[in-house]
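Raw contents of run-v3.txt, compact mmCIF, C-alpha atoms:
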```txt
# COMPACT_ATOMS: atom_id res chain seq x y z
CA MET A 1 29.10 -21.48 -25.82
CA LEU A 2 29.07 -22.45 -22.17
CA ALA A 3 31.96 -20.84 -20.38
CA ALA A 4 34.22 -23.50 -18.94
CA ASN A 5 35.70 -21.15 -16.39
CA PHE A 6 34.66 -18.03 -14.62
CA ASP A 7 36.06 -15.08 -16.57
CA TRP A 8 37.30 -12.58 -13.98
CA GLN A 9 39.05 -10.53 -16.66
CA PHE A 10 35.68 -9.84 -18.29
CA ILE A 11 34.29 -8.33 -15.08
CA TRP A 12 37.44 -6.29 -14.58
CA ASP A 13 37.27 -4.95 -18.15
CA HIS A 14 33.64 -3.91 -17.79
CA LEU A 15 33.81 -2.27 -14.36
CA PRO A 16 33.40 1.19 -15.99
CA ASP A 17 30.07 0.03 -17.50
CA PHE A 18 28.85 -1.14 -14.11
CA TRP A 19 29.94 2.18 -12.61
CA GLU A 20 27.90 4.11 -15.20
CA GLY A 21 24.83 2.02 -14.40
CA LEU A 22 25.41 2.33 -10.67
CA LYS A 23 25.56 6.12 -10.96
CA GLN A 24 22.10 6.16 -12.56
CA THR A 25 20.77 3.79 -9.90
CA LEU A 26 22.15 5.96 -7.10
CA LYS A 27 20.84 9.14 -8.70
CA VAL A 28 17.29 7.78 -9.03
CA ALA A 29 17.45 6.17 -5.58
CA GLY A 30 18.69 9.43 -4.05
CA ILE A 31 15.77 11.40 -5.50
CA GLY A 32 13.47 8.51 -4.60
CA ILE A 33 14.50 8.42 -0.95
CA ALA A 34 14.42 12.22 -0.51
CA GLY A 35 11.09 12.56 -2.31
CA SER A 36 9.42 9.69 -0.52
CA LEU A 37 10.57 11.02 2.88
CA ALA A 38 9.09 14.43 2.02
CA ILE A 39 5.77 12.91 0.90
CA GLY A 40 5.79 10.66 3.93
CA ILE A 41 6.23 13.51 6.41
CA VAL A 42 3.55 15.73 4.82
CA LEU A 43 0.91 13.05 4.21
CA GLY A 44 1.82 11.18 7.38
CA ALA A 45 1.12 14.39 9.32
CA ALA A 46 -2.18 14.85 7.49
CA ARG A 47 -3.16 11.28 8.35
CA ALA A 48 -2.11 11.49 11.99
CA HIS A 49 -3.89 14.80 12.55
CA ARG A 50 -6.96 13.65 10.58
CA VAL A 51 -6.94 16.70 8.29
CA PRO A 52 -10.28 16.44 6.45
CA VAL A 53 -10.19 15.46 2.74
CA VAL A 54 -6.35 15.37 2.60
CA SER A 55 -6.34 12.53 5.10
CA TRP A 56 -8.86 10.49 3.11
CA LEU A 57 -7.06 11.12 -0.18
CA ALA A 58 -3.77 10.12 1.44
CA ALA A 59 -5.32 6.92 2.81
CA THR A 60 -6.59 6.00 -0.67
CA TYR A 61 -3.18 6.75 -2.19
CA VAL A 62 -1.44 4.58 0.40
CA GLU A 63 -3.78 1.61 -0.07
CA VAL A 64 -3.67 1.75 -3.88
CA ILE A 65 0.12 1.90 -4.04
CA ARG A 66 0.75 -0.69 -1.34
CA ASN A 67 -1.69 -3.18 -2.88
CA THR A 68 -0.53 -3.02 -6.49
CA PRO A 69 2.79 -4.27 -7.91
CA ILE A 70 5.36 -1.51 -8.46
CA LEU A 71 6.17 -3.06 -11.84
CA VAL A 72 2.58 -2.42 -12.98
CA GLN A 73 2.82 1.12 -11.55
CA ILE A 74 5.97 1.72 -13.61
CA PHE A 75 4.29 0.44 -16.77
CA PHE A 76 1.21 2.52 -15.95
CA ILE A 77 3.28 5.73 -15.86
CA ALA A 78 5.35 4.77 -18.89
CA GLY A 79 2.74 2.98 -20.99
CA ALA A 80 -0.76 4.02 -19.93
CA LEU A 81 -0.40 7.75 -19.22
CA PRO A 82 0.66 8.50 -22.84
CA HIS A 83 -2.76 7.08 -23.79
CA PHE A 84 -4.72 8.94 -21.12
CA PRO A 85 -8.09 9.58 -22.82
CA GLY A 86 -8.27 13.17 -24.04
CA HIS A 87 -5.05 14.32 -22.41
CA PRO A 88 -1.96 12.25 -23.22
CA ILE A 89 0.87 12.61 -20.66
CA ARG A 90 4.31 11.87 -22.05
CA LEU A 91 7.26 11.95 -19.66
CA GLU A 92 11.03 11.68 -20.07
CA PRO A 93 12.49 8.27 -19.09
CA PHE A 94 14.39 9.86 -16.21
CA THR A 95 11.21 11.57 -14.96
CA ILE A 96 9.30 8.28 -15.16
CA ALA A 97 12.14 6.62 -13.24
CA TRP A 98 12.23 8.91 -10.23
CA LEU A 99 8.50 9.57 -10.25
CA ALA A 100 7.73 5.84 -10.02
CA VAL A 101 9.98 5.23 -7.01
CA VAL A 102 8.95 8.47 -5.27
CA ILE A 103 5.25 7.57 -5.57
CA TRP A 104 5.91 4.02 -4.35
CA GLY A 105 8.17 4.99 -1.44
CA GLY A 106 5.95 7.93 -0.53
CA ALA A 107 3.03 5.59 0.18
CA TYR A 108 5.09 3.38 2.49
CA ASN A 109 6.69 6.35 4.24
CA THR A 110 3.26 7.95 4.77
CA GLU A 111 2.33 4.86 6.79
CA ASN A 112 5.67 4.92 8.64
CA PHE A 113 5.37 8.58 9.63
CA ARG A 114 1.65 8.31 10.43
CA ALA A 115 2.48 5.60 12.96
CA GLY A 116 5.40 7.67 14.28
CA PHE A 117 3.36 10.86 14.72
CA GLU A 118 0.48 8.97 16.31
CA ALA A 119 2.90 7.46 18.83
CA VAL A 120 3.76 10.93 20.20
CA PRO A 121 1.92 11.13 23.53
CA TYR A 122 -1.05 13.49 23.32
CA ARG A 123 0.03 15.33 26.47
CA TYR A 124 3.20 16.53 24.66
CA ARG A 125 1.06 18.20 22.02
CA GLU A 126 -1.26 19.57 24.68
CA ALA A 127 1.79 21.07 26.38
CA GLY A 128 2.89 22.66 23.11
CA LEU A 129 -0.56 24.15 22.56
CA ALA A 130 -0.71 25.35 26.18
CA LEU A 131 2.60 27.17 25.67
CA GLY A 132 0.94 29.05 22.81
CA LEU A 133 3.00 27.50 20.01
CA GLY A 134 -0.08 27.20 17.80
CA ARG A 135 -1.06 24.11 15.82
CA LEU A 136 1.67 24.45 13.20
CA GLY A 137 4.28 25.46 15.75
CA THR A 138 3.39 22.49 17.91
CA PHE A 139 3.80 20.18 14.93
CA PHE A 140 7.22 21.52 13.95
CA ASN A 141 8.59 21.84 17.49
CA VAL A 142 7.02 18.85 19.22
CA THR A 143 5.36 16.24 17.00
CA LEU A 144 7.90 16.27 14.15
CA PRO A 145 11.14 16.01 16.15
CA ILE A 146 9.77 13.21 18.34
CA GLY A 147 7.48 11.40 15.89
CA ALA A 148 9.97 11.35 13.02
CA ARG A 149 12.53 9.74 15.30
CA ILE A 150 10.01 7.11 16.39
CA ALA A 151 9.29 6.45 12.70
CA LEU A 152 12.97 6.27 11.78
CA PRO A 153 13.58 2.51 12.11
CA SER A 154 10.60 1.61 9.90
CA THR A 155 11.59 4.14 7.23
CA ILE A 156 14.94 2.36 6.88
CA ASN A 157 13.38 -0.68 5.25
CA THR A 158 11.38 1.56 2.93
CA ASN A 159 14.43 3.56 1.89
CA VAL A 160 16.45 0.44 1.15
CA SER A 161 13.49 -0.98 -0.79
CA VAL A 162 13.31 2.21 -2.85
CA LEU A 163 16.90 1.63 -3.91
CA LYS A 164 16.26 -2.04 -4.68
CA ASN A 165 13.10 -1.21 -6.64
CA THR A 166 15.01 1.04 -9.05
CA SER A 167 16.17 -2.28 -10.55
CA LEU A 168 12.65 -2.76 -11.95
CA LEU A 169 13.14 0.32 -14.13
CA THR A 170 15.08 -2.00 -16.41
CA ALA A 171 11.65 -3.18 -17.64
CA ILE A 172 11.09 0.16 -19.40
CA GLY A 173 14.67 0.23 -20.70
CA PHE A 174 15.96 2.85 -18.28
CA ALA A 175 19.75 2.41 -18.22
CA GLU A 176 20.30 1.86 -14.50
CA LEU A 177 22.49 -0.88 -13.01
CA THR A 178 20.35 -3.94 -13.80
CA ASN A 179 19.63 -2.73 -17.31
CA THR A 180 23.34 -2.12 -17.91
CA ALA A 181 24.06 -5.69 -16.86
CA TYR A 182 21.23 -6.99 -19.04
CA SER A 183 22.60 -5.21 -22.14
CA LEU A 184 26.11 -6.38 -21.33
CA GLU A 185 24.89 -9.97 -21.08
CA SER A 186 22.97 -9.85 -24.34
CA GLU A 187 26.05 -8.74 -26.27
CA SER A 188 28.63 -10.94 -24.52
CA PHE A 189 26.61 -14.04 -23.47
CA LYS A 190 28.64 -14.08 -20.27
CA ALA A 191 25.54 -14.44 -18.10
CA THR A 192 27.27 -15.91 -15.02
CA GLU A 193 29.99 -13.25 -14.87
CA VAL A 194 27.60 -10.37 -15.55
CA TYR A 195 24.89 -11.35 -13.07
CA PHE A 196 27.39 -12.42 -10.42
CA ALA A 197 29.00 -8.98 -10.65
CA LEU A 198 25.54 -7.37 -10.63
CA GLY A 199 24.51 -9.26 -7.50
CA VAL A 200 27.72 -8.42 -5.66
CA THR A 201 27.34 -4.74 -6.60
CA TYR A 202 23.80 -4.61 -5.24
CA LEU A 203 24.80 -6.37 -2.02
CA ILE A 204 27.66 -3.93 -1.46
CA VAL A 205 25.37 -0.94 -2.05
CA VAL A 206 22.40 -2.28 -0.07
CA TRP A 207 24.52 -3.43 2.89
CA THR A 208 26.46 -0.15 2.95
CA LEU A 209 23.24 1.86 2.81
CA SER A 210 21.67 -0.18 5.63
CA LEU A 211 24.80 0.29 7.71
CA LEU A 212 24.94 4.05 7.06
CA ILE A 213 21.28 4.54 7.90
CA ARG A 214 21.72 2.49 11.05
CA VAL A 215 24.57 4.75 12.16
CA VAL A 216 22.47 7.85 11.48
CA GLU A 217 19.56 6.21 13.28
CA ARG A 218 21.67 5.59 16.36
CA ARG A 219 22.76 9.24 16.37
CA LEU A 220 19.18 10.47 16.02
CA ALA A 221 17.44 7.92 18.24
CA LEU A 222 15.39 9.20 21.16
CA PRO A 223 17.38 9.14 24.41
CA GLU A 224 15.18 6.44 25.94
CA ALA A 225 15.60 4.18 22.90
CA ARG A 226 19.39 4.52 22.81
CA MET B 1 -18.98 -3.12 -22.86
CA PRO B 2 -17.05 -2.69 -26.14
CA ASP B 3 -16.45 -5.82 -28.23
CA TRP B 4 -12.73 -6.07 -27.51
CA VAL B 5 -13.17 -6.48 -23.74
CA ASP B 6 -14.53 -10.01 -23.66
CA PRO B 7 -11.70 -11.96 -25.38
CA VAL B 8 -9.05 -9.87 -23.60
CA ALA B 9 -10.59 -10.47 -20.19
CA HIS B 10 -10.92 -14.16 -20.96
CA TYR B 11 -7.25 -14.41 -21.98
CA MET B 12 -6.01 -12.38 -19.00
CA LEU B 13 -8.00 -14.41 -16.47
CA HIS B 14 -7.63 -17.91 -17.89
CA GLU B 15 -4.01 -17.66 -18.97
CA GLY B 16 -2.57 -14.74 -16.99
CA LEU B 17 -4.23 -14.91 -13.60
CA LYS B 18 -3.96 -18.70 -13.60
CA ASN B 19 -0.17 -18.55 -14.09
CA THR B 20 0.19 -15.74 -11.55
CA LEU B 21 -1.61 -17.81 -8.93
CA ARG B 22 0.31 -20.99 -9.85
CA ILE B 23 3.69 -19.29 -9.37
CA ALA B 24 2.42 -17.69 -6.18
CA VAL B 25 1.25 -21.02 -4.73
CA PHE B 26 4.65 -22.66 -5.36
CA ALA B 27 6.58 -19.66 -4.06
CA VAL B 28 4.43 -19.23 -0.94
CA ALA B 29 4.56 -22.95 -0.08
CA GLY B 30 8.33 -23.12 -0.70
CA SER B 31 9.03 -19.91 1.24
CA THR B 32 6.95 -21.02 4.21
CA VAL B 33 8.47 -24.49 4.54
CA ILE B 34 12.10 -23.47 3.91
CA GLY B 35 11.74 -20.23 5.86
CA ILE B 36 10.30 -21.84 9.00
CA LEU B 37 12.97 -24.56 8.88
CA LEU B 38 15.87 -22.13 8.43
CA GLY B 39 14.41 -19.64 10.90
CA THR B 40 14.18 -22.33 13.58
CA LEU B 41 17.74 -23.45 12.85
CA MET B 42 18.86 -19.82 13.25
CA THR B 43 18.04 -19.99 16.96
CA ILE B 44 20.69 -22.68 17.51
CA ARG B 45 23.79 -21.27 19.21
CA PHE B 46 26.50 -22.63 16.93
CA ARG B 47 28.65 -19.98 15.26
CA PRO B 48 29.36 -21.50 11.80
CA LEU B 49 25.67 -22.38 11.36
CA GLU B 50 24.59 -18.94 12.56
CA TRP B 51 26.91 -17.23 10.06
CA LEU B 52 25.82 -19.46 7.20
CA LEU B 53 22.12 -18.82 7.82
CA ARG B 54 22.70 -15.11 8.42
CA LEU B 55 24.48 -14.98 5.04
CA TYR B 56 21.57 -16.76 3.32
CA VAL B 57 19.05 -14.33 4.80
CA GLU B 58 21.09 -11.18 4.15
CA VAL B 59 21.94 -12.15 0.56
CA TRP B 60 18.41 -13.00 -0.60
CA ARG B 61 16.86 -10.14 1.32
CA GLY B 62 19.52 -7.73 0.08
CA LEU B 63 19.24 -8.53 -3.63
CA PRO B 64 16.41 -7.04 -5.65
CA ILE B 65 14.08 -9.92 -6.61
CA ILE B 66 14.61 -9.25 -10.30
CA VAL B 67 18.36 -9.80 -9.84
CA THR B 68 17.73 -13.07 -7.97
CA ILE B 69 15.44 -14.26 -10.77
CA PHE B 70 18.02 -13.26 -13.42
CA LEU B 71 20.70 -15.15 -11.47
CA VAL B 72 18.53 -18.28 -11.29
CA TYR B 73 17.24 -18.11 -14.84
CA TYR B 74 20.10 -16.60 -16.88
CA ALA B 75 23.26 -17.18 -14.85
CA LEU B 76 22.88 -20.76 -13.60
CA PRO B 77 22.97 -22.40 -17.09
CA THR B 78 26.47 -21.00 -17.75
CA THR B 79 27.79 -21.32 -14.19
CA PRO B 80 30.82 -23.62 -14.07
CA TYR B 81 30.03 -27.01 -12.45
CA VAL B 82 26.30 -26.18 -12.21
CA HIS B 83 25.05 -25.77 -15.77
CA TYR B 84 21.46 -26.13 -14.68
CA ARG B 85 18.69 -24.65 -16.80
CA PHE B 86 15.35 -23.88 -15.17
CA GLY B 87 12.25 -23.22 -17.24
CA ALA B 88 10.99 -19.65 -17.02
CA PHE B 89 8.06 -20.66 -14.81
CA THR B 90 10.21 -22.66 -12.38
CA GLY B 91 13.00 -20.09 -12.48
CA ALA B 92 10.60 -17.35 -11.39
CA ALA B 93 9.12 -19.56 -8.64
CA VAL B 94 12.61 -20.47 -7.36
CA GLY B 95 13.75 -16.83 -7.39
CA LEU B 96 10.67 -15.74 -5.44
CA THR B 97 11.14 -18.65 -3.02
CA LEU B 98 14.74 -17.62 -2.26
CA TRP B 99 13.53 -14.12 -1.38
CA GLY B 100 10.40 -15.28 0.45
CA SER B 101 12.19 -17.94 2.48
CA ALA B 102 14.70 -15.35 3.69
CA GLN B 103 11.81 -13.13 4.81
CA VAL B 104 10.06 -16.01 6.58
CA ALA B 105 13.31 -17.20 8.18
CA GLU B 106 13.91 -13.79 9.74
CA ALA B 107 10.32 -13.61 11.01
CA THR B 108 10.48 -17.17 12.35
CA ARG B 109 13.72 -16.50 14.21
CA GLY B 110 12.10 -13.58 15.99
CA ALA B 111 8.92 -15.53 16.72
CA VAL B 112 10.78 -18.58 18.10
CA GLN B 113 13.03 -16.40 20.26
CA SER B 114 9.98 -14.64 21.69
CA ILE B 115 8.78 -17.91 23.26
CA PRO B 116 9.83 -17.93 26.94
CA ARG B 117 12.72 -20.21 27.97
CA GLU B 118 10.45 -22.04 30.40
CA GLN B 119 8.55 -23.53 27.46
CA HIS B 120 11.78 -25.10 26.19
CA GLU B 121 12.64 -26.38 29.66
CA ALA B 122 9.17 -27.78 30.27
CA ALA B 123 9.16 -29.57 26.92
CA GLY B 124 12.61 -30.94 27.66
CA ALA B 125 11.44 -32.16 31.05
CA LEU B 126 8.58 -33.98 29.35
CA GLY B 127 11.18 -35.90 27.33
CA PHE B 128 10.90 -34.11 23.99
CA GLY B 129 14.09 -34.03 21.93
CA TRP B 130 15.13 -30.91 19.99
CA ILE B 131 12.93 -31.74 17.00
CA GLY B 132 9.87 -32.77 18.99
CA ARG B 133 10.23 -29.79 21.31
CA HIS B 134 10.21 -27.33 18.40
CA LEU B 135 7.63 -29.16 16.29
CA PHE B 136 5.05 -29.75 19.02
CA VAL B 137 5.69 -27.06 21.62
CA ILE B 138 7.59 -24.04 20.33
CA LEU B 139 6.46 -23.63 16.70
CA PRO B 140 2.71 -23.95 17.41
CA GLN B 141 3.07 -21.04 19.84
CA ALA B 142 5.36 -19.10 17.51
CA LEU B 143 2.76 -19.46 14.75
CA ARG B 144 0.61 -16.79 16.39
CA ARG B 145 3.31 -14.21 15.80
CA LEU B 146 4.17 -15.67 12.42
CA LEU B 147 0.70 -15.60 10.89
CA PRO B 148 0.46 -11.83 10.14
CA PRO B 149 3.83 -11.69 8.30
CA LEU B 150 2.90 -14.87 6.41
CA VAL B 151 -0.33 -13.31 5.17
CA SER B 152 1.52 -10.16 4.05
CA LEU B 153 4.05 -12.43 2.36
CA ILE B 154 1.27 -13.96 0.24
CA ALA B 155 0.23 -10.47 -0.89
CA ASN B 156 3.84 -9.50 -1.58
CA ILE B 157 4.60 -12.65 -3.54
CA ILE B 158 1.47 -12.26 -5.68
CA GLN B 159 2.55 -8.69 -6.46
CA ASN B 160 6.11 -9.77 -7.22
CA THR B 161 5.07 -12.55 -9.62
CA THR B 162 4.76 -9.70 -12.15
CA ILE B 163 8.58 -9.78 -12.34
CA ALA B 164 8.24 -13.21 -13.99
CA SER B 165 6.87 -11.39 -17.06
CA LEU B 166 10.40 -10.06 -17.62
CA ILE B 167 11.74 -13.56 -18.27
CA GLY B 168 8.84 -14.47 -20.54
CA VAL B 169 6.28 -16.08 -18.24
CA THR B 170 2.73 -15.26 -19.41
CA GLU B 171 1.40 -14.22 -16.03
CA LEU B 172 -1.25 -11.53 -15.53
CA LEU B 173 0.92 -8.50 -16.44
CA ALA B 174 2.35 -10.21 -19.54
CA THR B 175 -1.09 -11.22 -20.84
CA GLY B 176 -2.25 -7.62 -20.36
CA GLN B 177 0.72 -6.29 -22.31
CA ARG B 178 0.24 -8.83 -25.10
CA SER B 179 -3.40 -7.81 -25.34
CA ILE B 180 -2.37 -4.15 -25.63
CA GLU B 181 0.04 -4.99 -28.44
CA ARG B 182 -2.47 -7.17 -30.28
CA LEU B 183 -5.23 -4.57 -30.03
CA GLN B 184 -2.85 -1.85 -31.18
CA PHE B 185 -1.94 -4.00 -34.19
CA GLU B 186 -5.59 -4.59 -35.02
CA VAL B 187 -7.15 -1.20 -34.41
CA GLY B 188 -4.10 1.03 -34.94
CA ALA B 189 -3.81 4.37 -33.18
CA ASN B 190 -6.77 3.81 -30.85
CA SER B 191 -4.79 2.18 -28.06
CA HIS B 192 -6.40 0.44 -25.13
CA ALA B 193 -3.26 0.72 -23.01
CA PHE B 194 -4.89 3.01 -20.47
CA ALA B 195 -7.91 0.77 -19.95
CA ILE B 196 -5.87 -2.43 -19.68
CA TYR B 197 -3.22 -1.05 -17.31
CA THR B 198 -5.99 0.39 -15.14
CA ALA B 199 -7.68 -3.01 -15.14
CA LEU B 200 -4.36 -4.62 -14.12
CA LEU B 201 -4.01 -2.22 -11.19
CA ALA B 202 -7.61 -2.95 -10.20
CA ALA B 203 -7.14 -6.71 -10.46
CA PHE B 204 -4.04 -6.74 -8.26
CA PHE B 205 -5.72 -4.40 -5.81
CA CYS B 206 -8.73 -6.73 -5.48
CA ILE B 207 -6.43 -9.65 -4.68
CA SER B 208 -4.00 -7.82 -2.43
CA PHE B 209 -6.25 -5.50 -0.44
CA PRO B 210 -8.20 -8.23 1.43
CA LEU B 211 -4.90 -9.95 2.26
CA THR B 212 -3.22 -6.84 3.71
CA ARG B 213 -6.43 -6.08 5.63
CA LEU B 214 -6.42 -9.63 7.01
CA ALA B 215 -2.74 -9.28 7.95
CA SER B 216 -3.32 -6.11 9.98
CA PHE B 217 -6.44 -7.64 11.57
CA LEU B 218 -4.44 -10.71 12.63
CA GLU B 219 -1.65 -8.51 13.91
CA ARG B 220 -4.11 -6.67 16.16
CA ARG B 221 -5.76 -9.88 17.32
CA LEU B 222 -2.88 -12.30 17.74
CA VAL B 223 0.27 -10.39 18.57
```

In structure tokens, what does this structure look like?
Amino acid sequence: MLAANFDWQFIWDHLPDFWEGLKQTLKVAGIGIAGSLAIGIVLGAARAHRVPVVSWLAATYVEVIRNTPILVQIFFIAGALPHFPGHPIRLEPFTIAWLAVVIWGGAYNTENFRAGFEAVPYRYREAGLALGLGRLGTFFNVTLPIGARIALPSTINTNVSVLKNTSLLTAIGFAELTNTAYSLESESFKATEVYFALGVTYLIVVWTLSLLIRVVERRLALPEAR
Amino acid sequence: MPDWVDPVAHYMLHEGLKNTLRIAVFAVAGSTVIGILLGTLMTIRFRPLEWLLRLYVEVWRGLPIIVTIFLVYYALPTTPYVHYRFGAFTGAAVGLTLWGSAQVAEATRGAVQSIPREQHEAAGALGFGWIGRHLFVILPQALRRLLPPLVSLIANIIQNTTIASLIGVTELLATGQRSIERLQFEVGANSHAFAIYTALLAAFFCISFPLTRLASFLERRLV
């Protein structure tokens, strides 16, 4: 049963399967990155400006998510919520998939943006208020454009991790890239070929994503950090 | 407390938590030793070595940990010329160590490079060779910067041991899931999934929270 040689032909023949899985991975990761950035900006702003109640709830959310394994979080959404006492919550596999990574990434991005917004010098905000922009206007015209760009480098790691963490959705049988490889291996027994191809695919995607974000980062970086 | 809680808690703590901590101890020890060694070597200006170590770090940091563990556990036994079969426990620990050592290596490189040149020169003047200079002069100073990421690494590795459940290791998550299945089989529709998954979240939180707190405290104090 042990393959004597590495079967390149097998990988070549199954590239379409990998492509199908990759599309699912990219779809979930895309929603995950967009959603977690949105949560991060909103809750990060609430944290940085110490909005009562919202800020405390956000802090709890961040600590709970950052201090529990994402795999347990995935199983909690998929396996525990349907047994929620008195009010079962059943979700579609795709909903579970993006929800899990959005919740996870949102917690990390909240921290990233909180730090970014807090790093905006107070006198800038004072200037905005003095110009009569109002609290909300000051946030959108002063704190957000500067703070988000300070936060940018640390959100990169989070965004890449969101993509990598979609691989854990294989545990609930969601047919993303890792799960596709896992099924392919269990019907062909070509473990080396399958997982080698899987690893290379992830490296290509992760390295490309890091590179792309770094280019965007350089374009958006604050003038003094350039 | 309902009757079912006691045996389940006993099983999850004595079998599950024990295995979780055992894997974590191996992975943390391995990551720290290999990571500090490779990270120190990364500061040597010698192109082929730099590229090789850079490749190691980028590969194991770039791959999702589950893929690394699948490579170690499923792919190595059929790999031509290797044909090595790890047990599930060791396979998970090795996979986590590959990831963790890459993390530590990157942190060590930064920490070692942050030590002023004069420290190297002074140690050299005192007659230390490369090894002695790093072991007795540079690394002890770099450790200050290294400690916070090492503490977060412990928390991260403990969280990521849950991935070992996917290759059949009975760590904390797996014992929880087995308990859910067994209770469902015994009592039927009245599932305890919600209670047990909540307990799992709480258990990991209780382990991880003090560690991340300690890491940010150290970061404020030492760096």

*Suppose you want the space between CA of Arg85 in chain B and CA of Ala164 in chain B; what is it in Å?*
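Between CA of Arg85 in chain B and CA of Ala164 in chain B the gap works out to 15.7 Å.
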
Who sits within 12 Å of Tyr182 in chain A, all atoms listed in the file, same chain under 6 positions skipped, as a compact mmCIF listing (two decimals) with C-alpha atoms, keeping the file's coordinate frame:
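Below you can see out37.txt, which holds the result:
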```txt
# COMPACT_ATOMS: atom_id res chain seq x y z
CA ASP A 17 30.07 0.03 -17.50
CA PHE A 18 28.85 -1.14 -14.11
CA GLY A 21 24.83 2.02 -14.40
CA SER A 167 16.17 -2.28 -10.55
CA LEU A 168 12.65 -2.76 -11.95
CA LEU A 169 13.14 0.32 -14.13
CA THR A 170 15.08 -2.00 -16.41
CA ALA A 171 11.65 -3.18 -17.64
CA GLY A 173 14.67 0.23 -20.70
CA PHE A 174 15.96 2.85 -18.28
CA ALA A 175 19.75 2.41 -18.22
CA GLU A 176 20.30 1.86 -14.50
CA SER A 188 28.63 -10.94 -24.52
CA PHE A 189 26.61 -14.04 -23.47
CA LYS A 190 28.64 -14.08 -20.27
CA ALA A 191 25.54 -14.44 -18.10
CA THR A 192 27.27 -15.91 -15.02
CA GLU A 193 29.99 -13.25 -14.87
CA VAL A 194 27.60 -10.37 -15.55
CA TYR A 195 24.89 -11.35 -13.07
CA PHE A 196 27.39 -12.42 -10.42
CA ALA A 197 29.00 -8.98 -10.65
CA LEU A 198 25.54 -7.37 -10.63
CA ILE B 66 14.61 -9.25 -10.30
CA VAL B 67 18.36 -9.80 -9.84
CA PHE B 70 18.02 -13.26 -13.42
CA LEU B 71 20.70 -15.15 -11.47
CA TYR B 74 20.10 -16.60 -16.88
CA ALA B 75 23.26 -17.18 -14.85
CA LEU B 166 10.40 -10.06 -17.62
CA ILE B 167 11.74 -13.56 -18.27
```

_Nearest to chain B, chosen from A:Thr138, A:Ser183, A:Thr143, A:Ser210, with only C-alpha atoms counted in the distances_ =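 Checking each candidate against chain B, we get A:Ser210 as the closest.
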
*Residues of chain B no more than 9 Å from chain A, counting only C-alpha atoms: send them over as a PyMOL selection string.*
chain B and resi 58-59+62-68+70-71+74-81+83+155-156+158-163+166+173+190-198+200-209+212

*Separation of CA of Met1 in chain B and CA of Gly86 in chain A, in Å?*
19.5 Å

*Between CA of Arg125 in chain A and CA of Ala58 in chain A, what is the distance, to one decimal in Å?*
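Spanning CA of Arg125 in chain A to CA of Ala58 in chain A is a straight-line distance of 22.6 Å.
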
_For Ser101 in chain B, the nearest of the candidates B:Ile23, B:Val28, B:Leu211, B:Ala199, counting only C-alpha atoms_ = B:Val28

*Enumerate, as a PyMOL selection string, the protein, DNA and RNA residues whose atoms approach (13.3, -17.3, -1.6) to within 9 Å, taking into account only C-alpha atoms and the coordinate frame of the file.*
chain B and resi 27+30-31+34-35+60-61+65+68+93-104

Within 8 Å of range 102-118 of chain A using only C-alpha atoms, minus same-chain residues under 2 positions, as an mmCIF file with C-alpha atoms, in the frame of the given file:
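Listed below is the output, result-v2.cif:
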```cif
data_model
loop_
_atom_site.group_PDB
_atom_site.id
_atom_site.type_symbol
_atom_site.label_atom_id
_atom_site.label_comp_id
_atom_site.auth_asym_id
_atom_site.auth_seq_id
_atom_site.Cartn_x
_atom_site.Cartn_y
_atom_site.Cartn_z
ATOM 1 C CA ILE A 31 15.770 11.400 -5.500
ATOM 2 C CA GLY A 32 13.470 8.510 -4.600
ATOM 3 C CA ILE A 33 14.500 8.420 -0.950
ATOM 4 C CA GLY A 35 11.090 12.560 -2.310
ATOM 5 C CA SER A 36 9.420 9.690 -0.520
ATOM 6 C CA LEU A 37 10.570 11.020 2.880
ATOM 7 C CA ALA A 38 9.090 14.430 2.020
ATOM 8 C CA ILE A 39 5.770 12.910 0.900
ATOM 9 C CA GLY A 40 5.790 10.660 3.930
ATOM 10 C CA ILE A 41 6.230 13.510 6.410
ATOM 11 C CA VAL A 42 3.550 15.730 4.820
ATOM 12 C CA LEU A 43 0.910 13.050 4.210
ATOM 13 C CA GLY A 44 1.820 11.180 7.380
ATOM 14 C CA ALA A 45 1.120 14.390 9.320
ATOM 15 C CA ARG A 47 -3.160 11.280 8.350
ATOM 16 C CA ALA A 48 -2.110 11.490 11.990
ATOM 17 C CA TYR A 61 -3.180 6.750 -2.190
ATOM 18 C CA VAL A 62 -1.440 4.580 0.400
ATOM 19 C CA GLU A 63 -3.780 1.610 -0.070
ATOM 20 C CA ILE A 65 0.120 1.900 -4.040
ATOM 21 C CA ARG A 66 0.750 -0.690 -1.340
ATOM 22 C CA ILE A 70 5.360 -1.510 -8.460
ATOM 23 C CA TRP A 98 12.230 8.910 -10.230
ATOM 24 C CA LEU A 99 8.500 9.570 -10.250
ATOM 25 C CA ALA A 100 7.730 5.840 -10.020
ATOM 26 C CA VAL A 120 3.760 10.930 20.200
ATOM 27 C CA PRO A 121 1.920 11.130 23.530
ATOM 28 C CA THR A 143 5.360 16.240 17.000
ATOM 29 C CA LEU A 144 7.900 16.270 14.150
ATOM 30 C CA ILE A 146 9.770 13.210 18.340
ATOM 31 C CA GLY A 147 7.480 11.400 15.890
ATOM 32 C CA ALA A 148 9.970 11.350 13.020
ATOM 33 C CA ARG A 149 12.530 9.740 15.300
ATOM 34 C CA ILE A 150 10.010 7.110 16.390
ATOM 35 C CA ALA A 151 9.290 6.450 12.700
ATOM 36 C CA SER A 154 10.600 1.610 9.900
ATOM 37 C CA THR A 155 11.590 4.140 7.230
ATOM 38 C CA THR A 158 11.380 1.560 2.930
ATOM 39 C CA ASN A 159 14.430 3.560 1.890
ATOM 40 C CA VAL A 162 13.310 2.210 -2.850
#
```
